[in-house]
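Participant: Have a look at this one before I ask anything.
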Amino acid sequence: MRLRRLYSIILSAVAYIASGTAAHAQRVDDKIWLQAGAFRPSFDSDARADIPGSPIDGTDFDFETDLDLPEHKTVVNVEGGVRITNHLRLEGGYFSLKRAAEVTLEQDIRWEETTYPATGVVDSAFRSDIYRAALGYSFVKSKDFELGARIGAHITKFKMFIEGDAIVDSLLVAVKREQKDKTVPMPNLGLYANVDLSRTFSLNAGANWFKIKVGDYKGNIFDVSAGISARVVRNLGIGARYRYVDYGLRAQADDWDGKVNYRFHGPAVFVELGF
């Protein structure tokens, strides 16, 4: 309900701006900015948990198709930044998503030594908290245009589990829970651009990507977004953007031999403070 109300407020403000009565401000000139809004992505996520040190693979399962987790959900997203100098900036962001469901399985799912049989009822959940921090340098910067590069990290904390009647060593076990809980830092490189189209409207875009292998873990990330914002008054604005994220992690460690992949993309609306 609160998120619907936020959508309503933002859309009303957009209509107000479109009438031509908005005040002006230049986003490229902001020294400090903070955005908070609603992000509604579509999800496509899958995982597998093999038996460590064994040639026997677990089941590749899809959280949305096999476990009936919601394919769409609205979450709160926060972004912000500060200019250290005219060309140097520090920025970051955070959002959290949690999905859970109960489903009757249509196929066996093997998670390490545990098998959840078809026709069994299981509970499952997938939660991830994503933190982003980066240091950027605007190698091109004028009164109404900015283009720069950044280096930083995405820190992803995820937790996933399946719980229900299961078979372990050919024996039926009542209510067995299998779970993985990891925090994974992923360095990345990126580009960003901001353009002031007028005294009211601005365009912004950014992309981050990286692929790395460290020890028993191999990961990749691709994160791109583009949007438009408008200032209602000098320090207060609204905006909308579209974001796409593709994240993958492969592990061959003693505590987890398997993989997790998730992709999400969708629109977001936000309120922005800039000074």
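Residues are referred to by chain and number: the chain letter is A, B, ... according to the order shown in the structure tokens, the number counts from 1 in that chain, and ligands are numbered separately from 1 in the order shown.
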So that I can check the surroundings of region 176-181 of chain A, please list as a ChimeraX atom specification every protein, DNA and RNA residue that reaches within 8 Å of it, counting only C-alpha atoms and ignoring chain neighbours fewer than 5 positions away.
Facilitator: /A:111,114,157-166,256
Participant: I want to know what sits within 12 Å of Ala100 (chain A), based on only C-alpha atoms, with residues of the same chain fewer than 3 positions away left out; could you give that as an MDAnalysis selection string?
Facilitator: chainID A and resid 63:64 67:71 73 97 103 122:128 159:163
Participant: Emit the selected residues as a PDB file, in the first residue's frame, including N, CA, C and O atoms.
Facilitator:
```pdb
ATOM      1  N   PHE A  63      13.929 -21.116  -9.509  1.00  0.00           N
ATOM      2  CA  PHE A  63      13.143 -20.676  -8.360  1.00  0.00           C
ATOM      3  C   PHE A  63      11.723 -20.276  -8.761  1.00  0.00           C
ATOM      4  O   PHE A  63      10.777 -20.481  -7.993  1.00  0.00           O
ATOM      5  N   GLU A  64      11.571 -19.690  -9.936  1.00  0.00           N
ATOM      6  CA  GLU A  64      10.248 -19.239 -10.349  1.00  0.00           C
ATOM      7  C   GLU A  64       9.412 -20.386 -10.934  1.00  0.00           C
ATOM      8  O   GLU A  64       8.243 -20.532 -10.602  1.00  0.00           O
ATOM      9  N   LEU A  67       9.879 -23.773  -8.082  1.00  0.00           N
ATOM     10  CA  LEU A  67       9.516 -23.532  -6.688  1.00  0.00           C
ATOM     11  C   LEU A  67       8.453 -22.454  -6.518  1.00  0.00           C
ATOM     12  O   LEU A  67       8.093 -22.113  -5.390  1.00  0.00           O
ATOM     13  N   ASP A  68       7.986 -21.920  -7.625  1.00  0.00           N
ATOM     14  CA  ASP A  68       6.846 -20.998  -7.626  1.00  0.00           C
ATOM     15  C   ASP A  68       7.104 -19.687  -6.886  1.00  0.00           C
ATOM     16  O   ASP A  68       6.168 -19.054  -6.387  1.00  0.00           O
ATOM     17  N   LEU A  69       8.355 -19.239  -6.804  1.00  0.00           N
ATOM     18  CA  LEU A  69       8.620 -17.925  -6.234  1.00  0.00           C
ATOM     19  C   LEU A  69       8.076 -16.845  -7.176  1.00  0.00           C
ATOM     20  O   LEU A  69       8.067 -17.027  -8.395  1.00  0.00           O
ATOM     21  N   PRO A  70       7.602 -15.714  -6.633  1.00  0.00           N
ATOM     22  CA  PRO A  70       7.025 -14.661  -7.482  1.00  0.00           C
ATOM     23  C   PRO A  70       8.019 -14.176  -8.542  1.00  0.00           C
ATOM     24  O   PRO A  70       9.196 -13.975  -8.253  1.00  0.00           O
ATOM     25  N   GLU A  71       7.515 -13.984  -9.755  1.00  0.00           N
ATOM     26  CA  GLU A  71       8.350 -13.479 -10.839  1.00  0.00           C
ATOM     27  C   GLU A  71       8.479 -11.962 -10.804  1.00  0.00           C
ATOM     28  O   GLU A  71       9.369 -11.395 -11.456  1.00  0.00           O
ATOM     29  N   LYS A  73       8.138  -8.382  -8.099  1.00  0.00           N
ATOM     30  CA  LYS A  73       7.960  -7.867  -6.747  1.00  0.00           C
ATOM     31  C   LYS A  73       8.491  -6.439  -6.685  1.00  0.00           C
ATOM     32  O   LYS A  73       9.498  -6.120  -7.310  1.00  0.00           O
ATOM     33  N   LEU A  97      15.765  -7.747  -1.540  1.00  0.00           N
ATOM     34  CA  LEU A  97      14.583  -8.430  -2.039  1.00  0.00           C
ATOM     35  C   LEU A  97      14.467  -9.790  -1.371  1.00  0.00           C
ATOM     36  O   LEU A  97      15.449 -10.479  -1.126  1.00  0.00           O
ATOM     37  N   VAL A 103       5.085 -24.910  -2.508  1.00  0.00           N
ATOM     38  CA  VAL A 103       4.711 -25.502  -3.781  1.00  0.00           C
ATOM     39  C   VAL A 103       4.749 -27.031  -3.690  1.00  0.00           C
ATOM     40  O   VAL A 103       5.500 -27.599  -2.880  1.00  0.00           O
ATOM     41  N   VAL A 122       6.982 -28.441  -0.466  1.00  0.00           N
ATOM     42  CA  VAL A 122       8.157 -27.818   0.135  1.00  0.00           C
ATOM     43  C   VAL A 122       7.942 -26.315   0.280  1.00  0.00           C
ATOM     44  O   VAL A 122       7.189 -25.698  -0.480  1.00  0.00           O
ATOM     45  N   ASP A 123       8.596 -25.755   1.282  1.00  0.00           N
ATOM     46  CA  ASP A 123       8.714 -24.303   1.425  1.00  0.00           C
ATOM     47  C   ASP A 123      10.079 -23.906   0.905  1.00  0.00           C
ATOM     48  O   ASP A 123      11.062 -24.640   1.074  1.00  0.00           O
ATOM     49  N   SER A 124      10.161 -22.730   0.306  1.00  0.00           N
ATOM     50  CA  SER A 124      11.446 -22.249  -0.190  1.00  0.00           C
ATOM     51  C   SER A 124      11.480 -20.731  -0.116  1.00  0.00           C
ATOM     52  O   SER A 124      10.433 -20.065  -0.036  1.00  0.00           O
ATOM     53  N   ALA A 125      12.693 -20.183  -0.136  1.00  0.00           N
ATOM     54  CA  ALA A 125      12.859 -18.735  -0.116  1.00  0.00           C
ATOM     55  C   ALA A 125      14.199 -18.382  -0.729  1.00  0.00           C
ATOM     56  O   ALA A 125      15.144 -19.176  -0.715  1.00  0.00           O
ATOM     57  N   PHE A 126      14.259 -17.198  -1.274  1.00  0.00           N
ATOM     58  CA  PHE A 126      15.495 -16.648  -1.832  1.00  0.00           C
ATOM     59  C   PHE A 126      15.528 -15.180  -1.419  1.00  0.00           C
ATOM     60  O   PHE A 126      14.668 -14.404  -1.796  1.00  0.00           O
ATOM     61  N   ARG A 127      16.539 -14.816  -0.651  1.00  0.00           N
ATOM     62  CA  ARG A 127      16.702 -13.422  -0.238  1.00  0.00           C
ATOM     63  C   ARG A 127      18.085 -12.954  -0.621  1.00  0.00           C
ATOM     64  O   ARG A 127      19.061 -13.681  -0.469  1.00  0.00           O
ATOM     65  N   SER A 128      18.160 -11.717  -1.118  1.00  0.00           N
ATOM     66  CA  SER A 128      19.472 -11.132  -1.402  1.00  0.00           C
ATOM     67  C   SER A 128      19.460  -9.658  -1.023  1.00  0.00           C
ATOM     68  O   SER A 128      18.470  -8.945  -1.236  1.00  0.00           O
ATOM     69  N   LYS A 159      20.673 -15.604   0.695  1.00  0.00           N
ATOM     70  CA  LYS A 159      20.275 -16.752   1.502  1.00  0.00           C
ATOM     71  C   LYS A 159      19.166 -17.477   0.753  1.00  0.00           C
ATOM     72  O   LYS A 159      18.187 -16.855   0.328  1.00  0.00           O
ATOM     73  N   MET A 160      19.325 -18.781   0.558  1.00  0.00           N
ATOM     74  CA  MET A 160      18.300 -19.558  -0.119  1.00  0.00           C
ATOM     75  C   MET A 160      18.126 -20.882   0.614  1.00  0.00           C
ATOM     76  O   MET A 160      19.087 -21.431   1.146  1.00  0.00           O
ATOM     77  N   PHE A 161      16.897 -21.384   0.634  1.00  0.00           N
ATOM     78  CA  PHE A 161      16.666 -22.663   1.300  1.00  0.00           C
ATOM     79  C   PHE A 161      15.473 -23.385   0.685  1.00  0.00           C
ATOM     80  O   PHE A 161      14.607 -22.783   0.042  1.00  0.00           O
ATOM     81  N   ILE A 162      15.462 -24.694   0.899  1.00  0.00           N
ATOM     82  CA  ILE A 162      14.319 -25.555   0.589  1.00  0.00           C
ATOM     83  C   ILE A 162      14.047 -26.378   1.843  1.00  0.00           C
ATOM     84  O   ILE A 162      14.968 -26.890   2.475  1.00  0.00           O
ATOM     85  N   GLU A 163      12.776 -26.522   2.197  1.00  0.00           N
ATOM     86  CA  GLU A 163      12.408 -27.261   3.403  1.00  0.00           C
ATOM     87  C   GLU A 163      11.161 -28.099   3.136  1.00  0.00           C
ATOM     88  O   GLU A 163      10.181 -27.597   2.573  1.00  0.00           O
TER      89      GLU A 163
END
```
Participant: Expressed in Å to a single decimal, how great is the separation between CA of Leu135 (chain A) and CA of Val78 (chain A)?
Facilitator: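 Separating CA of Leu135 (chain A) from CA of Val78 (chain A) is a distance of 17.2 Å.
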Participant: Please measure the separation of CA of Leu105 (chain A) and CA of Asp62 (chain A), giving the value in Å to one decimal.
Facilitator: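 CA of Asp62 (chain A) lies 11.7 Å from CA of Leu105 (chain A).
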Participant: Ranking A:Gly248, A:Gly258, A:Gly120, A:Pro267 by minimum distance to Ala226 (chain A) and counting only C-alpha atoms, which one comes first?
Facilitator: A:Pro267
Participant: Near Leu189 (chain A), counting only C-alpha atoms, which residues have an atom at most 12 Å away, once you skip same-chain residues fewer than 4 positions from it, shown as a list in words?
Facilitator: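 Once the nearby chain positions are removed, what remains is Arg132, Ala133, Ala134, Leu135, Gly136, Tyr137, Gly148, Ala149, Arg150, Ile151, Gly152, Ala153, His154, Gly206, Ala207, Asn208, Trp209, Phe210, Lys211, Ile212, Asn220, Ile221, Phe222, Asp223 and Val224 of chain A.
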Participant: Now that the selection is made, can you save its residues with N, CA, C and O atoms as a short mmCIF file (atom, residue, chain, number, x, y, z; two decimals), in the first residue's frame?
Facilitator:
```
data_model
loop_
_atom_site.label_atom_id
_atom_site.label_comp_id
_atom_site.auth_asym_id
_atom_site.auth_seq_id
_atom_site.Cartn_x
_atom_site.Cartn_y
_atom_site.Cartn_z
N ARG A 132 26.12 -1.46 -3.21
CA ARG A 132 27.03 -1.00 -4.26
C ARG A 132 27.77 0.24 -3.80
O ARG A 132 27.18 1.17 -3.25
N ALA A 133 29.09 0.27 -4.00
CA ALA A 133 29.90 1.43 -3.66
C ALA A 133 30.94 1.61 -4.77
O ALA A 133 31.49 0.63 -5.29
N ALA A 134 31.20 2.86 -5.14
CA ALA A 134 32.15 3.11 -6.23
C ALA A 134 32.75 4.50 -6.13
O ALA A 134 32.13 5.43 -5.59
N LEU A 135 33.95 4.62 -6.64
CA LEU A 135 34.64 5.90 -6.77
C LEU A 135 34.69 6.23 -8.25
O LEU A 135 35.17 5.43 -9.06
N GLY A 136 34.15 7.40 -8.62
CA GLY A 136 34.08 7.77 -10.02
C GLY A 136 34.89 9.01 -10.33
O GLY A 136 35.07 9.89 -9.47
N TYR A 137 35.36 9.08 -11.58
CA TYR A 137 36.09 10.26 -12.04
C TYR A 137 35.48 10.72 -13.37
O TYR A 137 35.41 9.96 -14.33
N GLY A 148 32.02 9.87 -17.22
CA GLY A 148 33.10 9.41 -16.37
C GLY A 148 33.19 7.91 -16.27
O GLY A 148 32.36 7.16 -16.80
N ALA A 149 34.21 7.47 -15.56
CA ALA A 149 34.44 6.04 -15.31
C ALA A 149 34.51 5.84 -13.80
O ALA A 149 34.85 6.75 -13.04
N ARG A 150 34.20 4.62 -13.37
CA ARG A 150 34.22 4.34 -11.94
C ARG A 150 34.75 2.94 -11.67
O ARG A 150 34.71 2.06 -12.53
N ILE A 151 35.26 2.78 -10.47
CA ILE A 151 35.70 1.48 -9.99
C ILE A 151 35.09 1.26 -8.62
O ILE A 151 35.05 2.19 -7.80
N GLY A 152 34.60 0.06 -8.38
CA GLY A 152 33.93 -0.17 -7.11
C GLY A 152 33.64 -1.63 -6.87
O GLY A 152 34.36 -2.50 -7.37
N ALA A 153 32.58 -1.89 -6.12
CA ALA A 153 32.24 -3.26 -5.77
C ALA A 153 30.75 -3.40 -5.55
O ALA A 153 30.09 -2.47 -5.07
N HIS A 154 30.22 -4.55 -5.94
CA HIS A 154 28.88 -4.99 -5.54
C HIS A 154 29.08 -6.04 -4.45
O HIS A 154 29.79 -7.02 -4.66
N GLY A 206 24.19 4.51 -16.72
CA GLY A 206 25.40 3.93 -16.13
C GLY A 206 25.46 2.44 -16.38
O GLY A 206 24.45 1.80 -16.64
N ALA A 207 26.67 1.90 -16.34
CA ALA A 207 26.87 0.47 -16.53
C ALA A 207 28.04 0.01 -15.68
O ALA A 207 29.03 0.73 -15.52
N ASN A 208 27.93 -1.19 -15.11
CA ASN A 208 29.00 -1.82 -14.34
C ASN A 208 29.15 -3.26 -14.80
O ASN A 208 28.15 -3.93 -15.06
N TRP A 209 30.37 -3.72 -14.89
CA TRP A 209 30.57 -5.11 -15.29
C TRP A 209 31.90 -5.62 -14.73
O TRP A 209 32.82 -4.85 -14.47
N PHE A 210 31.99 -6.92 -14.58
CA PHE A 210 33.24 -7.56 -14.16
C PHE A 210 33.07 -9.07 -14.19
O PHE A 210 31.97 -9.60 -14.07
N LYS A 211 34.19 -9.77 -14.33
CA LYS A 211 34.23 -11.23 -14.29
C LYS A 211 35.51 -11.61 -13.58
O LYS A 211 36.58 -11.10 -13.92
N ILE A 212 35.41 -12.49 -12.58
CA ILE A 212 36.59 -12.77 -11.75
C ILE A 212 36.55 -14.20 -11.22
O ILE A 212 35.47 -14.78 -11.05
N ASN A 220 30.49 -13.37 -12.02
CA ASN A 220 30.38 -12.32 -13.04
C ASN A 220 29.17 -11.45 -12.71
O ASN A 220 28.20 -11.89 -12.08
N ILE A 221 29.25 -10.19 -13.11
CA ILE A 221 28.15 -9.26 -12.89
C ILE A 221 28.07 -8.28 -14.05
O ILE A 221 29.09 -7.86 -14.60
N PHE A 222 26.84 -7.95 -14.43
CA PHE A 222 26.57 -6.93 -15.44
C PHE A 222 25.36 -6.15 -14.95
O PHE A 222 24.31 -6.72 -14.69
N ASP A 223 25.52 -4.84 -14.79
CA ASP A 223 24.49 -3.99 -14.20
C ASP A 223 24.40 -2.72 -15.03
O ASP A 223 25.37 -1.95 -15.11
N VAL A 224 23.27 -2.46 -15.67
CA VAL A 224 23.12 -1.29 -16.52
C VAL A 224 21.77 -0.63 -16.25
O VAL A 224 20.78 -1.31 -15.95
#
```
Participant: What lies within 7 Å of Asp257 (chain A) using only C-alpha atoms, ignoring chain neighbours under 2 positions off, as a PyMOL selection string?
Facilitator: chain A and resi 49-52+251-255
Participant: Would you mind exporting C-alpha atoms of the selected residues as a CSV table (one decimal), in the first residue's frame?
Facilitator:
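As written to disk, selection23.csv reads:
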```csv
chain,number,residue,atom,x,y,z
A,49,ALA,CA,24.0,-27.7,-5.0
A,50,ASP,CA,26.2,-30.6,-5.8
A,51,ILE,CA,27.8,-33.0,-3.3
A,52,PRO,CA,31.3,-31.5,-2.5
A,251,ALA,CA,31.6,-22.4,-6.2
A,252,GLN,CA,33.7,-25.5,-5.8
A,253,ALA,CA,34.4,-25.2,-2.1
A,254,ASP,CA,34.1,-27.7,0.8
A,255,ASP,CA,31.0,-25.9,2.1
```
Participant: Could you check which of A:Arg110, A:His265, A:Arg231, A:Lys213 is closest to Arg48 (chain A), using only C-alpha atoms?
Facilitator: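 That would be A:Arg110, the residue with the smallest distance to Arg48 (chain A).
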Participant: So which one's closest to Val233 (chain A), A:Gly53, A:Gly93, A:Gly215, A:Gly274? Using only C-alpha atoms, please.
Facilitator: A:Gly274
Participant: I want to know what sits within 12 Å of Val82 (chain A), based on only C-alpha atoms, with residues of the same chain fewer than 3 positions away left out; could you give that as number ranges by chain?
Facilitator: A: 28-34, 79, 85-92, 133-137, 273-275
Participant: Which residue is closest to Ile155 (chain A)? Choose from A:Gly266, A:Gly227, A:Gly219, A:Gly37 and count only C-alpha atoms.
Facilitator: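 Looking only at the distances to Ile155 (chain A), the closest residue turns out to be A:Gly219.
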Participant: Taking into account only C-alpha atoms, which residue in the set A:Asn194, A:Ile109, A:Arg243, A:Pro187 is nearest to Val140 (chain A)?
Facilitator: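 So, comparing all the options, the nearest one is A:Asn194.
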Participant: What is the CA of Gly81 (chain A)-CA of Glu272 (chain A) distance in Å, reported with one decimal?
Facilitator: 11.4 Å
Participant: Which of these, A:Leu191, A:Met186, A:Val271, A:Leu203, has the shortest distance to Gly80 (chain A) once you count only C-alpha atoms?
Facilitator: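 Checking each of A:Leu191, A:Met186, A:Val271, A:Leu203 against Gly80 (chain A), counting only C-alpha atoms, the winner is A:Val271.
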Participant: When DSSP works through the backbone of this structure, what residues of region 30-183 of chain A end up as strand (DSSP E or B), shown as an MDAnalysis selection string?
Facilitator: chainID A and resid 32:39 42:50 61:62 72 75:83 88:104 109:111 114:116 121:141 145:168 171:183
